[in-house]
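Worksheet for the structure shown next.
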Amino acid sequence: MLLMLSSFVIRHSTKYYECESASVVSYANEVRTDGDGWSFTCQHGAGECKGNMIHACAKDHFKDINLEMEFVNCLLSSTYPPNAGATCAAQVDADWAPLEHCINSVEGENLLHQVALQQEQLNPSLYFVPWIIVNDVFSEDQVGECQTNLKKVVCEKYTGTKPAECDGILAAGGGSPASRPVTRA
């Protein structure tokens with residue numbers, strides 16, 4: 001998973017504050033042409049590829065960051081994300097039919113291929129996940145900080161008017177980034 005934050009999204013209760021842009025990107029490790037579309041090979045098998053496709057289709061079809069994030073959160077919280085799409089769509093009051101069509105079509109393959117192209121442009125190149133970029137900057141230390149306390153990093157790095165929630169988050173401090181190693185998968 002690639003988490004790109006150009007400014008940020010802060011979750012407060014069931015609402016995300018959209019602060020310019022945020023992107024969560026799921027992608028397979030290998031891609032090749034397959035007739036008119038693409039086929040993908042994922043490190044953790046076909047289920048991971050299907051989950052990535054669901055996410056790519058949702059990202060394209062949901063034009064609301066709140067809806068997308070709630071849907072992705074539901075998927076990632078499920079026992080088996082590749083089979084949770086319909087349930088999660090219902091949970092967030094979204095229509096599953098267009099996503100299901102996308103997932104099972106060249107449209108979905110093309111969307112996931114676009115994610116692959118985006119990933120290939122990363123500098124430095126992705127070499128583990130999650131790959132977290134904040135304001136177009138990547139560092140392993142920052143990944144560790146985000147894994148320890150993402151909200152704190154968001155509040156520290158955001159340059160606009162901070163939501164009131166940041167006052168409490170910044171006052172509390174949070175865990176030490178050095179206390180949690182970067183997870184490589």
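Identifiers for the structure tokens are assigned positionally: chains receive A, B, ... in sequence, residues are indexed from 1 per chain, and ligands are indexed from 1 in the order shown.
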
Quiz item: Cys57 in chain A: which residues within 9 Å, counting only C-alpha atoms, same-chain residues fewer than 2 positions away excluded, as a ChimeraX atom specification?
Solution: /A:52-55,59-62,98-100,102-103,107-108,111-112

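If you look at CA of Gln142 in chain A and CA of Gln43 in chain A, they are 24.3 Å away from each other.
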
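Compared by their closest atoms to Asn66 in chain A, and using only C-alpha atoms, the residues A:Leu122, A:Val115, A:Val92, A:Ala86 rank with A:Val92 nearest.
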
Quiz prompt | Surrounding residues of Cys155 in chain A excluding itself and chain neighbours under 6 positions, 8 Å, only C-alpha atoms, as number ranges by chain | solution = A: 162, 166, 169-170

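You will find CA of Cys88 in chain A at 11.0 Å from CA of Ala58 in chain A.
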
Exercise. DSSP on the backbone, then: every residue of range 63-137 of chain A marked alpha helix (DSSP H), written as a ChimeraX atom specification.
Key: /A:65-77,85-91,96-103,106-120

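The list of residues with at least one atom within 9 Å of Thr87 in chain A, based on only C-alpha atoms and without residues fewer than 6 positions apart in the same chain, reads Cys74, Leu75 and Trp96 of chain A.
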
Next, the residues of the selection above should be written as a short mmCIF file (atom, residue, chain, number, x, y, z; two decimals), in the first residue's frame with all heavy atoms.
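The file below, again32.cif, is the result:
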```
data_model
loop_
_atom_site.label_atom_id
_atom_site.label_comp_id
_atom_site.auth_asym_id
_atom_site.auth_seq_id
_atom_site.Cartn_x
_atom_site.Cartn_y
_atom_site.Cartn_z
N CYS A 74 -13.33 0.20 5.78
CA CYS A 74 -14.17 -0.98 5.93
C CYS A 74 -13.49 -2.20 5.31
O CYS A 74 -13.43 -3.27 5.92
CB CYS A 74 -15.54 -0.74 5.28
SG CYS A 74 -16.64 -2.18 5.34
N LEU A 75 -12.98 -2.04 4.08
CA LEU A 75 -12.31 -3.17 3.41
C LEU A 75 -11.15 -3.69 4.26
O LEU A 75 -11.03 -4.89 4.50
CB LEU A 75 -11.75 -2.74 2.05
CG LEU A 75 -12.71 -2.54 0.90
CD1 LEU A 75 -11.94 -2.00 -0.31
CD2 LEU A 75 -13.44 -3.82 0.55
N TRP A 96 -22.79 -0.71 -5.24
CA TRP A 96 -21.77 -1.70 -5.52
C TRP A 96 -21.71 -2.06 -6.99
O TRP A 96 -20.65 -2.37 -7.52
CB TRP A 96 -21.99 -2.94 -4.66
CG TRP A 96 -21.08 -4.08 -4.99
CD1 TRP A 96 -21.44 -5.31 -5.48
CD2 TRP A 96 -19.65 -4.13 -4.89
NE1 TRP A 96 -20.34 -6.10 -5.67
CE2 TRP A 96 -19.22 -5.40 -5.31
CE3 TRP A 96 -18.69 -3.20 -4.47
CZ2 TRP A 96 -17.88 -5.78 -5.33
CZ3 TRP A 96 -17.36 -3.58 -4.50
CH2 TRP A 96 -16.96 -4.85 -4.92
#
```
